[in-house]
Amino acid sequence: MQGLEVGTRLRYRLTLASGMLECLGFAGVVFGFASLVFVLKEDGYFSHLCVSVPGTNGTKTTTDCTMQDEQFSLVFTVASFLNNFMTLINGYLFDRFGTMVTRLLAISLYTTGTILVAFSSAAYSELLYPALSCIAVGGILLLLTNMQVGNLFSSHRSTIITLYNGAFDSSSAVFLIIKVLHEQGISLRSSLLVLSSCSVIHLLRTFLLMPKTHIPYPLPQHFTYGLNCRKANTYNVEQFERMKDSGVIASQESPAEPEDQAQAQDSENVASFRSCVLSWFFLWHLLWLSIMQLRHYLFIGTLNPMLNRLAENDPDLVSQYTNAFAITQLFGVLCAPWNGLLMDRHKGKPLAPGETALEADLRSSSLSLLLTSVQCLLFSLCASFPLLPLQYITFVLQVINRSFLYGGNAAFISIAFPACHFGKLYGLLMALSAIISLLQYPCFALVKGALHGDPFLVDAALSLLSLLVFIHPLYVFIHCRKVARQREDYTQSDNNGSKMAEAEF
């Protein structure tokens with residue numbers, strides 16, 4: 001039995017470490033699009049859209065590549081939209097068919113996307129649309145299947161979820177590596193073929209270190225998964241799900257404590273998916289996510305033309321700032337766990353009298369939501385000022401806020417709603433926020449058209465819009481205070497009733 005427990009713990013740690021590497025090296029590469037654009041422009045993608053503008057008063061002829069920039073912006077808009085919108089369908093697939101089917105779909109899409117980029121060229125620039133979209137959807141699916149790994153470590157669940165989301169953000173630096181290699185003479189095709197061949201690693205991990213269905217929460221004793229699982233004193237996912245429905249687990253394990261029995265009774269009254277979607281938690285969280293995501297997507301999608309404008313089209317300076325932006329993305333994996341630690345800070349501490357674990361988790365999440373909202377406002381304000389050196393600070397604020405945003409998003413869903421609806425709710429939230437994110441392209445067109453390339457008014461409007469995100473943490477805080485007050489009133493009335501009964505006796 002002891003050897004079995006050691007083997008199980010080792011499997012858990014291998015799953016955690018390999019999932020971290022998978023998210024860090026592959027899942028979110030599409031968000032390094034600013035670095036990829038630099039390579040694509042050098043290789044002549046959409047270059048036929050650039051036009052020569054004759055100079056006036058004897059000045060030199062200049063090249064106007066506004067239409068080329070719009071095409072690159074549209075490629076990113078479509079990819080980022082599908083990255084989120086398809087999560088609605090993918091979340092259902094994950095909840096319905098489990099981890100293995102979802103991961104096989106993810107690997108197929110990701111491999112298809114990398115191969116399409118590898119065999120695209122300036123003459124077939126339109127291949128970027130399906131290619132980047134497949135990479136984006138495949139990457140978010142890899143993240144979705146990995147976030148359940150937090151269930152293996154219940155006391156650090158939120159920390160691991162945010163850590164994986166931070167790794168997802170940091171993986172955007174992969175395109176920086178490809179950009180540097182391209183400057184050293186290694187072609188884009190070679191780099192993408194290497195990335196595509198790594199799908200073999202994803203397949204091995206799918207069969208060896210991931211469950212066929214799901215990792216349950218709370219985790220049953222001696223839970224195992226993958227190949228070569230021993231049958232003695234262990235559960236696989238299918239057995240656990242069947243026994244959970246029939247109530248066999250409690251009888252096969254040690255006698256349940258009163259607290260465990262209360263949790264079992266609560267699990268029988270799981271909120272419906274419809275009631276979750278119609279709740280204020282879902283509505284305010286959707287608003288919170290959508291506004292901040294729109295701000296980030298617009299910033300990433302327009303970074304290259306913005307740097308060209310501020311650097312007066314100096315390619316060396318643009319390359320320097322593009323590299324700086326991509327390097328800062330690497331630190332997302334270091335920033336995100338702090339959000340998880342913030343949300344898990346109450347774990348291991350005694351609960352208040354009558355307080356449930358869910359109430360404690362919600363109370364802890366309100367500070368994380370507030371801090372993320374403040375970060376977004378500061379990032380948006382810095383991005384609004386047309387000062388090139390200030391963009392270094394903007395890059396730092398952007399990566400911190402983005403790592404807090406997506407890690408906190410997934411962690412809050414896992415806290416506020418039943419685990420059985422996680423995939424569907426996560427997918428629905430990302431899909432609805434994706435529809436809002438489509439506004440990035442009209443914003444870009446407005447800047448390039450009516451505003452003549454000056455994005456100040458759009459940035460200022462988005463900064464004002466960012467004030468709305470403070471509604472969500474305020475609502476969660478008020479809700480927790482209200483529940484705590486009701487619990488205190490109930491406890492006080494119960495105590496008064498007991499005293500009266502004793503007096504009568």
# chains A, B, ... in the order shown; residues from 1 in each chain; ligands from 1
call {"tool": "residues_around", "arguments": {"residues": "Ser380 of chain A", "least_positions_apart": "3", "cutoff": "6 Å", "atoms": "only C-alpha atoms", "output": "VMD selection string"}}
result
chain A and resid 377 383 463
call {"tool": "residues_around", "arguments": {"residues": "segment 366-368 of chain A", "least_positions_apart": "6", "cutoff": "12 Å", "atoms": "only C-alpha atoms", "output": "PyMOL selection string"}}
result
chain A and resi 158+162+281+285+336-345+359-360+374-375+401+403-409+411-412+415-416+470-481
call {"tool": "residues_around", "arguments": {"residues": "segment 192-196 of chain A", "least_positions_apart": "3", "cutoff": "10 Å", "atoms": "only C-alpha atoms", "output": "JSON, numbers by chain"}}
result
{"A": [25, 26, 107, 110, 111, 112, 113, 114, 115, 116, 117, 118, 119, 174, 175, 178, 187, 188, 189, 199, 200]}
call {"tool": "select_by_dssp", "arguments": {"residues": "segment 18-123 of chain A", "states": "alpha helix (DSSP H)", "output": "MDAnalysis selection string"}}
result
chainID A and resid 18:22 33:42 66:85 87:97 99:118
call {"tool": "write_last_selection", "arguments": {"atoms": "C-alpha atoms", "output": "PDB file, in the first residue's frame"}}
result
ATOM      1  CA  SER A  18       4.506  17.923 -17.773  1.00  0.00           C
ATOM      2  CA  GLY A  19       1.296  19.971 -17.906  1.00  0.00           C
ATOM      3  CA  MET A  20       3.282  23.027 -16.919  1.00  0.00           C
ATOM      4  CA  LEU A  21       5.747  22.450 -19.770  1.00  0.00           C
ATOM      5  CA  GLU A  22       2.907  21.820 -22.213  1.00  0.00           C
ATOM      6  CA  PHE A  33       1.434  37.420 -32.701  1.00  0.00           C
ATOM      7  CA  ALA A  34       3.319  40.754 -32.506  1.00  0.00           C
ATOM      8  CA  SER A  35       6.632  38.885 -32.861  1.00  0.00           C
ATOM      9  CA  LEU A  36       5.263  36.712 -35.661  1.00  0.00           C
ATOM     10  CA  VAL A  37       4.031  39.765 -37.583  1.00  0.00           C
ATOM     11  CA  PHE A  38       7.588  41.079 -37.698  1.00  0.00           C
ATOM     12  CA  VAL A  39       8.700  37.812 -39.370  1.00  0.00           C
ATOM     13  CA  LEU A  40       5.717  37.701 -41.711  1.00  0.00           C
ATOM     14  CA  LYS A  41       6.358  41.245 -42.918  1.00  0.00           C
ATOM     15  CA  GLU A  42       9.975  40.395 -43.682  1.00  0.00           C
ATOM     16  CA  THR A  66      -2.124  50.451 -43.811  1.00  0.00           C
ATOM     17  CA  MET A  67      -4.043  47.731 -45.659  1.00  0.00           C
ATOM     18  CA  GLN A  68      -1.345  45.196 -44.798  1.00  0.00           C
ATOM     19  CA  ASP A  69      -1.623  46.118 -41.111  1.00  0.00           C
ATOM     20  CA  GLU A  70      -5.404  45.763 -41.306  1.00  0.00           C
ATOM     21  CA  GLN A  71      -5.059  42.238 -42.707  1.00  0.00           C
ATOM     22  CA  PHE A  72      -2.692  41.198 -39.920  1.00  0.00           C
ATOM     23  CA  SER A  73      -5.060  42.746 -37.377  1.00  0.00           C
ATOM     24  CA  LEU A  74      -7.966  40.826 -38.913  1.00  0.00           C
ATOM     25  CA  VAL A  75      -6.008  37.545 -38.781  1.00  0.00           C
ATOM     26  CA  PHE A  76      -5.445  38.051 -35.066  1.00  0.00           C
ATOM     27  CA  THR A  77      -9.048  39.152 -34.513  1.00  0.00           C
ATOM     28  CA  VAL A  78     -10.395  35.972 -36.128  1.00  0.00           C
ATOM     29  CA  ALA A  79      -7.925  33.730 -34.274  1.00  0.00           C
ATOM     30  CA  SER A  80      -8.540  35.339 -30.879  1.00  0.00           C
ATOM     31  CA  PHE A  81     -12.310  35.240 -31.455  1.00  0.00           C
ATOM     32  CA  LEU A  82     -12.295  31.527 -32.285  1.00  0.00           C
ATOM     33  CA  ASN A  83      -9.869  30.906 -29.407  1.00  0.00           C
ATOM     34  CA  ASN A  84     -12.662  31.962 -27.059  1.00  0.00           C
ATOM     35  CA  PHE A  85     -15.878  31.294 -28.972  1.00  0.00           C
ATOM     36  CA  THR A  87     -14.484  27.048 -26.085  1.00  0.00           C
ATOM     37  CA  LEU A  88     -18.289  26.914 -25.747  1.00  0.00           C
ATOM     38  CA  ILE A  89     -18.416  23.788 -27.923  1.00  0.00           C
ATOM     39  CA  ASN A  90     -15.129  22.465 -26.600  1.00  0.00           C
ATOM     40  CA  GLY A  91     -16.275  22.881 -22.995  1.00  0.00           C
ATOM     41  CA  TYR A  92     -19.332  20.750 -23.738  1.00  0.00           C
ATOM     42  CA  LEU A  93     -17.152  18.134 -25.442  1.00  0.00           C
ATOM     43  CA  PHE A  94     -14.851  18.082 -22.421  1.00  0.00           C
ATOM     44  CA  ASP A  95     -17.726  17.656 -19.956  1.00  0.00           C
ATOM     45  CA  ARG A  96     -19.482  15.084 -22.160  1.00  0.00           C
ATOM     46  CA  PHE A  97     -16.654  12.961 -23.605  1.00  0.00           C
ATOM     47  CA  THR A  99     -10.096  14.374 -21.378  1.00  0.00           C
ATOM     48  CA  MET A 100      -8.785  11.917 -23.953  1.00  0.00           C
ATOM     49  CA  VAL A 101     -11.260  12.809 -26.724  1.00  0.00           C
ATOM     50  CA  THR A 102     -10.779  16.531 -26.068  1.00  0.00           C
ATOM     51  CA  ARG A 103      -6.990  16.288 -26.117  1.00  0.00           C
ATOM     52  CA  LEU A 104      -6.945  14.270 -29.329  1.00  0.00           C
ATOM     53  CA  LEU A 105      -9.039  16.999 -30.945  1.00  0.00           C
ATOM     54  CA  ALA A 106      -6.681  19.651 -29.550  1.00  0.00           C
ATOM     55  CA  ILE A 107      -3.582  17.897 -30.869  1.00  0.00           C
ATOM     56  CA  SER A 108      -5.160  17.442 -34.317  1.00  0.00           C
ATOM     57  CA  LEU A 109      -6.071  21.142 -34.581  1.00  0.00           C
ATOM     58  CA  TYR A 110      -2.716  22.329 -33.249  1.00  0.00           C
ATOM     59  CA  THR A 111      -0.735  20.112 -35.626  1.00  0.00           C
ATOM     60  CA  THR A 112      -2.877  21.195 -38.582  1.00  0.00           C
ATOM     61  CA  GLY A 113      -2.319  24.865 -37.739  1.00  0.00           C
ATOM     62  CA  THR A 114       1.453  24.618 -37.404  1.00  0.00           C
ATOM     63  CA  ILE A 115       1.719  22.680 -40.687  1.00  0.00           C
ATOM     64  CA  LEU A 116      -0.403  25.290 -42.488  1.00  0.00           C
ATOM     65  CA  VAL A 117       1.872  28.105 -41.279  1.00  0.00           C
ATOM     66  CA  ALA A 118       4.934  26.064 -42.237  1.00  0.00           C
TER      67      ALA A 118
END
call {"tool": "atom_distance", "arguments": {"atom1": "atom CA of Gln184 of chain A", "atom2": "atom CA of Ser171 of chain A"}}
result
21.0 Å
call {"tool": "closest_residue", "arguments": {"among": "A:Leu317, A:Ile400, A:Ile177, A:Phe282", "to": "Asn304 of chain A", "atoms": "only C-alpha atoms"}}
result
A:Leu317
call {"tool": "closest_residue", "arguments": {"among": "A:Gln398, A:Ser170, A:Phe417, A:Leu176", "to": "Leu278 of chain A", "atoms": "only C-alpha atoms"}}
result
A:Phe417
call {"tool": "closest_residue", "arguments": {"among": "A:Leu310, A:Gly32, A:Ser121, A:Val51", "to": "Leu390 of chain A", "atoms": "only C-alpha atoms"}}
result
A:Leu310
call {"tool": "atom_distance", "arguments": {"atom1": "atom CA of Gly166 of chain A", "atom2": "atom CA of Ala136 of chain A"}}
result
16.1 Å
call {"tool": "closest_residue", "arguments": {"among": "A:Phe456, A:Trp288, A:Phe444, A:Tyr45", "to": "Phe385 of chain A", "atoms": "only C-alpha atoms"}}
result
A:Phe456
call {"tool": "closest_residue", "arguments": {"among": "A:Ile300, A:Leu128, A:Met306, A:Cys134", "to": "Arg402 of chain A", "atoms": "only C-alpha atoms"}}
result
A:Ile300
call {"tool": "select_by_dssp", "arguments": {"residues": "segment 23-271 of chain A", "states": "strand (DSSP E or B)", "output": "number ranges by chain"}}
result
A: 51-53, 62-64, 223, 235
call {"tool": "write_last_selection", "arguments": {"atoms": "C-alpha atoms", "output": "short mmCIF file (atom, residue, chain, number, x, y, z; two decimals), in the first residue's frame"}}
result
data_model
loop_
_atom_site.label_atom_id
_atom_site.label_comp_id
_atom_site.auth_asym_id
_atom_site.auth_seq_id
_atom_site.Cartn_x
_atom_site.Cartn_y
_atom_site.Cartn_z
CA VAL A 51 1.08 51.08 -52.03
CA SER A 52 3.62 53.74 -52.96
CA VAL A 53 2.66 57.29 -52.07
CA THR A 62 6.88 56.61 -49.17
CA THR A 63 5.16 53.26 -48.79
CA ASP A 64 1.74 53.07 -47.17
CA PHE A 223 -7.10 7.83 -7.21
CA TYR A 235 -10.20 4.07 -8.43
#
call {"tool": "residues_around", "arguments": {"residues": "Ile215 of chain A", "least_positions_apart": "6", "cutoff": "9 Å", "atoms": "only C-alpha atoms", "output": "list of chain:residue names"}}
result
A:Thr99, A:Gln148, A:Val149, A:Gly150, A:Asn151, A:Leu152, A:Phe223, A:Tyr225, A:Val237
